[in-house]
file work11.txt (compact mmCIF, C-alpha atoms)
# COMPACT_ATOMS: atom_id res chain seq x y z
CA MET A 1 0.00 0.00 0.00
CA VAL A 2 1.32 3.47 -0.90
CA TRP A 3 0.58 6.67 1.04
CA THR A 4 0.27 9.19 -1.79
CA THR A 5 0.63 12.36 0.29
CA SER A 6 4.27 11.74 1.22
CA ARG A 7 7.26 11.69 -1.12
CA SER A 8 8.46 8.32 0.13
CA GLY A 9 5.03 6.72 -0.12
CA ALA A 10 5.18 5.76 3.55
CA PHE A 11 2.59 6.91 6.05
CA SER A 12 3.65 9.39 8.73
CA VAL A 13 1.73 11.53 11.18
CA LYS A 14 3.37 14.58 9.58
CA SER A 15 1.97 13.70 6.15
CA LEU A 16 -1.45 13.09 7.68
CA TYR A 17 -1.46 16.55 9.27
CA SER A 18 -0.43 18.11 5.97
CA THR A 19 -3.51 16.62 4.33
CA MET A 20 -5.71 17.98 7.12
CA GLU A 21 -4.29 21.52 7.01
CA PRO A 22 -6.25 23.83 4.69
CA GLY A 23 -4.18 24.57 1.61
CA GLY A 24 -1.40 22.29 2.80
CA SER A 25 0.19 25.10 4.79
CA ALA A 26 2.97 24.72 7.32
CA LEU A 27 2.36 21.95 9.79
CA PHE A 28 1.45 22.74 13.33
CA SER A 29 4.30 21.93 15.66
CA TYR A 30 3.29 19.84 18.63
CA VAL A 31 6.66 20.36 20.32
CA GLY A 32 5.76 23.68 21.94
CA ILE A 33 2.73 22.11 23.58
CA TRP A 34 3.71 18.56 24.45
CA ARG A 35 7.22 19.33 25.68
CA ALA A 36 6.28 22.24 27.93
CA CYS A 37 6.70 21.52 31.64
CA VAL A 38 3.03 21.79 32.57
CA PRO A 39 0.56 19.20 33.89
CA LEU A 40 -0.81 16.81 31.28
CA LYS A 41 -4.35 18.19 31.62
CA VAL A 42 -3.03 21.67 30.71
CA THR A 43 -1.12 20.23 27.77
CA PHE A 44 -4.15 18.33 26.49
CA PHE A 45 -6.42 21.35 26.94
CA SER A 46 -3.98 23.55 25.00
CA TRP A 47 -3.77 20.97 22.22
CA GLU A 48 -7.57 20.88 21.94
CA ALA A 49 -7.74 24.69 22.04
CA SER A 50 -5.18 24.97 19.24
CA TRP A 51 -7.46 22.88 17.04
CA GLY A 52 -10.54 24.87 18.10
CA LYS A 53 -12.13 21.89 19.85
CA ILE A 54 -12.82 23.18 23.37
CA LEU A 55 -16.48 23.60 24.21
CA THR A 56 -16.98 27.33 24.02
CA LEU A 57 -20.49 28.64 23.51
CA ASN A 58 -20.05 28.93 19.75
CA GLN A 59 -18.90 25.28 19.59
CA LEU A 60 -21.98 24.23 21.55
CA GLN A 61 -24.16 26.20 19.12
CA ARG A 62 -22.50 24.40 16.21
CA ARG A 63 -23.51 21.13 17.86
CA GLY A 64 -27.13 22.21 17.85
CA TYR A 65 -27.57 23.64 21.34
CA SER A 66 -29.73 26.74 21.47
CA LEU A 67 -27.71 29.11 23.67
CA ALA A 68 -27.04 32.81 23.89
CA ASN A 69 -23.44 33.30 22.86
CA ARG A 70 -21.72 35.91 25.01
CA CYS A 71 -18.28 35.66 26.55
CA PHE A 72 -18.49 34.94 30.28
CA LEU A 73 -15.49 37.18 30.97
CA CYS A 74 -16.28 40.41 29.13
CA LEU A 75 -20.03 39.92 28.57
CA VAL A 76 -19.71 41.73 25.24
CA GLU A 77 -18.30 39.57 22.43
CA ALA A 78 -19.32 36.13 21.23
CA GLU A 79 -17.40 33.36 22.99
CA THR A 80 -15.06 31.69 20.53
CA VAL A 81 -11.83 29.87 21.32
CA ASP A 82 -9.71 32.71 19.95
CA HIS A 83 -11.71 35.46 21.62
CA LEU A 84 -11.72 33.74 25.01
CA LEU A 85 -8.04 32.74 25.08
CA LEU A 86 -6.45 35.64 23.19
CA HIS A 87 -8.57 38.68 22.48
CA CYS A 88 -11.03 39.18 25.35
CA VAL A 89 -10.23 42.39 27.25
CA MET A 90 -10.00 40.40 30.48
CA THR A 91 -7.65 37.86 28.94
CA ARG A 92 -5.55 40.68 27.50
CA ALA A 93 -4.80 41.73 31.09
CA LEU A 94 -3.04 38.38 31.56
CA TRP A 95 -1.13 38.69 28.30
CA ASN A 96 -0.06 42.21 29.25
CA LEU A 97 1.06 40.95 32.67
CA LEU A 98 3.11 38.23 30.99
CA PHE A 99 4.75 40.63 28.55
CA SER A 100 5.60 43.07 31.34
CA LEU A 101 7.10 40.25 33.46
CA PHE A 102 9.41 39.36 30.58
CA GLY A 103 9.94 42.95 29.43
CA VAL A 104 8.84 42.30 25.85
CA GLU A 105 6.56 43.93 23.30
CA TRP A 106 4.40 41.38 21.52
CA VAL A 107 1.52 41.30 19.06
CA LEU A 108 -0.72 38.28 19.45
CA SER A 109 -1.78 36.42 16.33
CA GLY A 110 -5.38 35.98 15.29
CA THR A 111 -5.72 32.37 16.41
CA VAL A 112 -4.49 30.15 19.22
CA LYS A 113 -2.71 27.92 16.71
CA GLU A 114 -0.90 30.86 15.07
CA THR A 115 0.09 32.20 18.48
CA LEU A 116 1.63 28.87 19.47
CA LEU A 117 3.34 28.51 16.08
CA GLY A 118 5.03 31.88 16.56
CA TRP A 119 5.85 31.42 20.24
CA HIS A 120 9.65 31.28 20.29
CA GLY A 121 11.66 32.42 23.26
CA ALA A 122 15.32 32.54 22.25
CA PHE A 123 15.41 36.22 23.21
CA VAL A 124 14.39 35.67 26.85
CA GLY A 125 17.57 33.82 27.77
CA LYS A 126 18.26 30.25 28.77
CA ILE A 127 17.12 30.59 32.38
CA ARG A 128 13.71 32.09 31.62
CA LYS A 129 13.04 30.11 28.43
CA LYS A 130 11.19 27.27 30.19
CA ALA A 131 8.80 29.73 31.87
CA TRP A 132 8.30 31.53 28.54
CA GLN A 133 7.39 28.24 26.81
CA MET A 134 4.91 27.36 29.56
CA ALA A 135 3.31 30.82 29.71
CA PRO A 136 0.70 30.63 26.92
CA LEU A 137 -0.48 27.23 28.12
CA CYS A 138 -0.79 28.56 31.68
CA ILE A 139 -2.77 31.55 30.41
CA PHE A 140 -5.11 29.28 28.45
CA TRP A 141 -5.68 27.06 31.48
CA SER A 142 -6.18 29.96 33.92
CA VAL A 143 -8.68 31.64 31.61
CA TRP A 144 -10.58 28.39 31.06
CA LYS A 145 -10.79 27.69 34.81
CA GLU A 146 -12.02 31.25 35.49
CA ARG A 147 -14.53 30.99 32.66
CA ASN A 148 -15.90 27.77 34.15
CA LEU A 149 -16.16 29.34 37.62
CA LEU A 150 -18.26 32.09 36.07
CA ALA A 151 -20.34 29.73 33.94
CA PHE A 152 -21.00 26.97 36.45
CA GLY A 153 -20.04 28.25 39.88
CA ASN A 154 -22.08 31.45 39.99
CA GLU A 155 -18.90 33.39 40.75
CA VAL A 156 -18.26 37.03 39.94
CA LEU A 157 -15.30 37.85 37.71
CA SER A 158 -12.18 38.70 39.67
CA ILE A 159 -9.27 39.91 37.57
CA GLN A 160 -7.04 39.55 40.64
CA ARG A 161 -8.05 35.89 41.03
CA LEU A 162 -7.37 35.37 37.33
CA LYS A 163 -3.90 36.94 37.57
CA HIS A 164 -3.12 35.01 40.77
CA SER A 165 -4.17 31.75 39.12
CA PHE A 166 -1.92 32.46 36.13
CA VAL A 167 1.13 33.35 38.23
CA CYS A 168 0.64 30.28 40.45
CA ASN A 169 0.28 28.02 37.41
CA LEU A 170 3.36 29.52 35.78
CA TRP A 171 5.70 29.31 38.75
CA SER A 172 4.49 26.05 40.33
call {"tool": "encode", "arguments": {"input": "work11.txt", "output": "structure tokens"}}
result
Amino acid sequence: MVWTTSRSGAFSVKSLYSTMEPGGSALFSYVGIWRACVPLKVTFFSWEASWGKILTLNQLQRRGYSLANRCFLCLVEAETVDHLLLHCVMTRALWNLLFSLFGVEWVLSGTVKETLLGWHGAFVGKIRKKAWQMAPLCIFWSVWKERNLLAFGNEVLSIQRLKHSFVCNLWS
């Protein structure tokens, strides 16, 4: 049997991903997610988020649930994976905290996957590189946990709790 999407004719996970990517664009690197020093549940969540598979309100609507779609954090925009984890004004406070901790200027990409693809930390130095690699995954996890407290725990948004959760996740 010949796998026609690879030059050698042999099946590989890399060639499978290239067939799944729209337009055959650059493959998504798993290394930044699966080799980060974070708990497995955070790694798995980040992997699912990068593929747009976490159950945000817009994903639930796609599955046929009749729900109002409004972000639990900002209460303004529709809740999508990219809005919730990157672009929500409340989430931006975490990103800004991260960038100030590392003393960098950064422009976030449009999607979670693009953000992770561009997340390189050679400029932060060898000592801080591990924390830099873990940071986006810790932000994603902290935001998701806060979102679930608001959605299911009848909590009120606390930006301080969100920042504390992120810092604890990053440095633990």
call {"tool": "atom_distance", "arguments": {"input": "work11.txt", "atom1": "atom CA of Ala131 of chain A", "atom2": "atom CA of Phe99 of chain A"}}
result
12.1 Å
call {"tool": "atom_distance", "arguments": {"input": "work11.txt", "atom1": "atom CA of Trp34 of chain A", "atom2": "atom CA of Trp47 of chain A"}}
result
8.2 Å
call {"tool": "residues_around", "arguments": {"input": "work11.txt", "residues": "segment 140-144 of chain A", "least_positions_apart": "6", "cutoff": "12 Å", "atoms": "all atoms listed in the file", "output": "PyMOL selection string"}}
result
chain A and resi 33+38-50+54-56+71-74+79-95+112+115-116+134+150-152+157-170
call {"tool": "write_last_selection", "arguments": {"input": "work11.txt", "atoms": "C-alpha atoms", "output": "CSV table (one decimal), keeping the file's coordinate frame"}}
result
chain,number,residue,atom,x,y,z
A,33,ILE,CA,2.7,22.1,23.6
A,38,VAL,CA,3.0,21.8,32.6
A,39,PRO,CA,0.6,19.2,33.9
A,40,LEU,CA,-0.8,16.8,31.3
A,41,LYS,CA,-4.4,18.2,31.6
A,42,VAL,CA,-3.0,21.7,30.7
A,43,THR,CA,-1.1,20.2,27.8
A,44,PHE,CA,-4.2,18.3,26.5
A,45,PHE,CA,-6.4,21.4,26.9
A,46,SER,CA,-4.0,23.6,25.0
A,47,TRP,CA,-3.8,21.0,22.2
A,48,GLU,CA,-7.6,20.9,21.9
A,49,ALA,CA,-7.7,24.7,22.0
A,50,SER,CA,-5.2,25.0,19.2
A,54,ILE,CA,-12.8,23.2,23.4
A,55,LEU,CA,-16.5,23.6,24.2
A,56,THR,CA,-17.0,27.3,24.0
A,71,CYS,CA,-18.3,35.7,26.6
A,72,PHE,CA,-18.5,34.9,30.3
A,73,LEU,CA,-15.5,37.2,31.0
A,74,CYS,CA,-16.3,40.4,29.1
A,79,GLU,CA,-17.4,33.4,23.0
A,80,THR,CA,-15.1,31.7,20.5
A,81,VAL,CA,-11.8,29.9,21.3
A,82,ASP,CA,-9.7,32.7,20.0
A,83,HIS,CA,-11.7,35.5,21.6
A,84,LEU,CA,-11.7,33.7,25.0
A,85,LEU,CA,-8.0,32.7,25.1
A,86,LEU,CA,-6.4,35.6,23.2
A,87,HIS,CA,-8.6,38.7,22.5
A,88,CYS,CA,-11.0,39.2,25.4
A,89,VAL,CA,-10.2,42.4,27.2
A,90,MET,CA,-10.0,40.4,30.5
A,91,THR,CA,-7.6,37.9,28.9
A,92,ARG,CA,-5.6,40.7,27.5
A,93,ALA,CA,-4.8,41.7,31.1
A,94,LEU,CA,-3.0,38.4,31.6
A,95,TRP,CA,-1.1,38.7,28.3
A,112,VAL,CA,-4.5,30.2,19.2
A,115,THR,CA,0.1,32.2,18.5
A,116,LEU,CA,1.6,28.9,19.5
A,134,MET,CA,4.9,27.4,29.6
A,150,LEU,CA,-18.3,32.1,36.1
A,151,ALA,CA,-20.3,29.7,33.9
A,152,PHE,CA,-21.0,27.0,36.4
A,157,LEU,CA,-15.3,37.8,37.7
A,158,SER,CA,-12.2,38.7,39.7
A,159,ILE,CA,-9.3,39.9,37.6
A,160,GLN,CA,-7.0,39.6,40.6
A,161,ARG,CA,-8.0,35.9,41.0
A,162,LEU,CA,-7.4,35.4,37.3
A,163,LYS,CA,-3.9,36.9,37.6
A,164,HIS,CA,-3.1,35.0,40.8
A,165,SER,CA,-4.2,31.8,39.1
A,166,PHE,CA,-1.9,32.5,36.1
A,167,VAL,CA,1.1,33.4,38.2
A,168,CYS,CA,0.6,30.3,40.4
A,169,ASN,CA,0.3,28.0,37.4
A,170,LEU,CA,3.4,29.5,35.8
call {"tool": "closest_residue", "arguments": {"input": "work11.txt", "among": "A:Asn154, A:Leu16, A:Arg63, A:Val104", "to": "Phe123 of chain A", "atoms": "all atoms listed in the file"}}
result
A:Val104
call {"tool": "atom_distance", "arguments": {"input": "work11.txt", "atom1": "atom CA of Glu114 of chain A", "atom2": "atom CA of Gln133 of chain A"}}
result
14.6 Å
call {"tool": "axis_aligned_box", "arguments": {"input": "work11.txt", "around": "segment 74-83 of chain A", "padding_each_side": "5 Å", "output": "AutoDock Vina command-line options"}}
result
--center_x -14.9 --center_y 35.8 --center_z 24.5 --size_x 20.3 --size_y 21.9 --size_z 19.2
call {"tool": "closest_residue", "arguments": {"input": "work11.txt", "among": "A:Leu108, A:Cys37, A:Ala78, A:Leu101", "to": "Leu57 of chain A", "atoms": "all atoms listed in the file"}}
result
A:Ala78
call {"tool": "closest_residue", "arguments": {"input": "work11.txt", "among": "A:Gln61, A:Ile139, A:Gly125, A:Val76", "to": "Leu97 of chain A", "atoms": "only C-alpha atoms"}}
result
A:Ile139
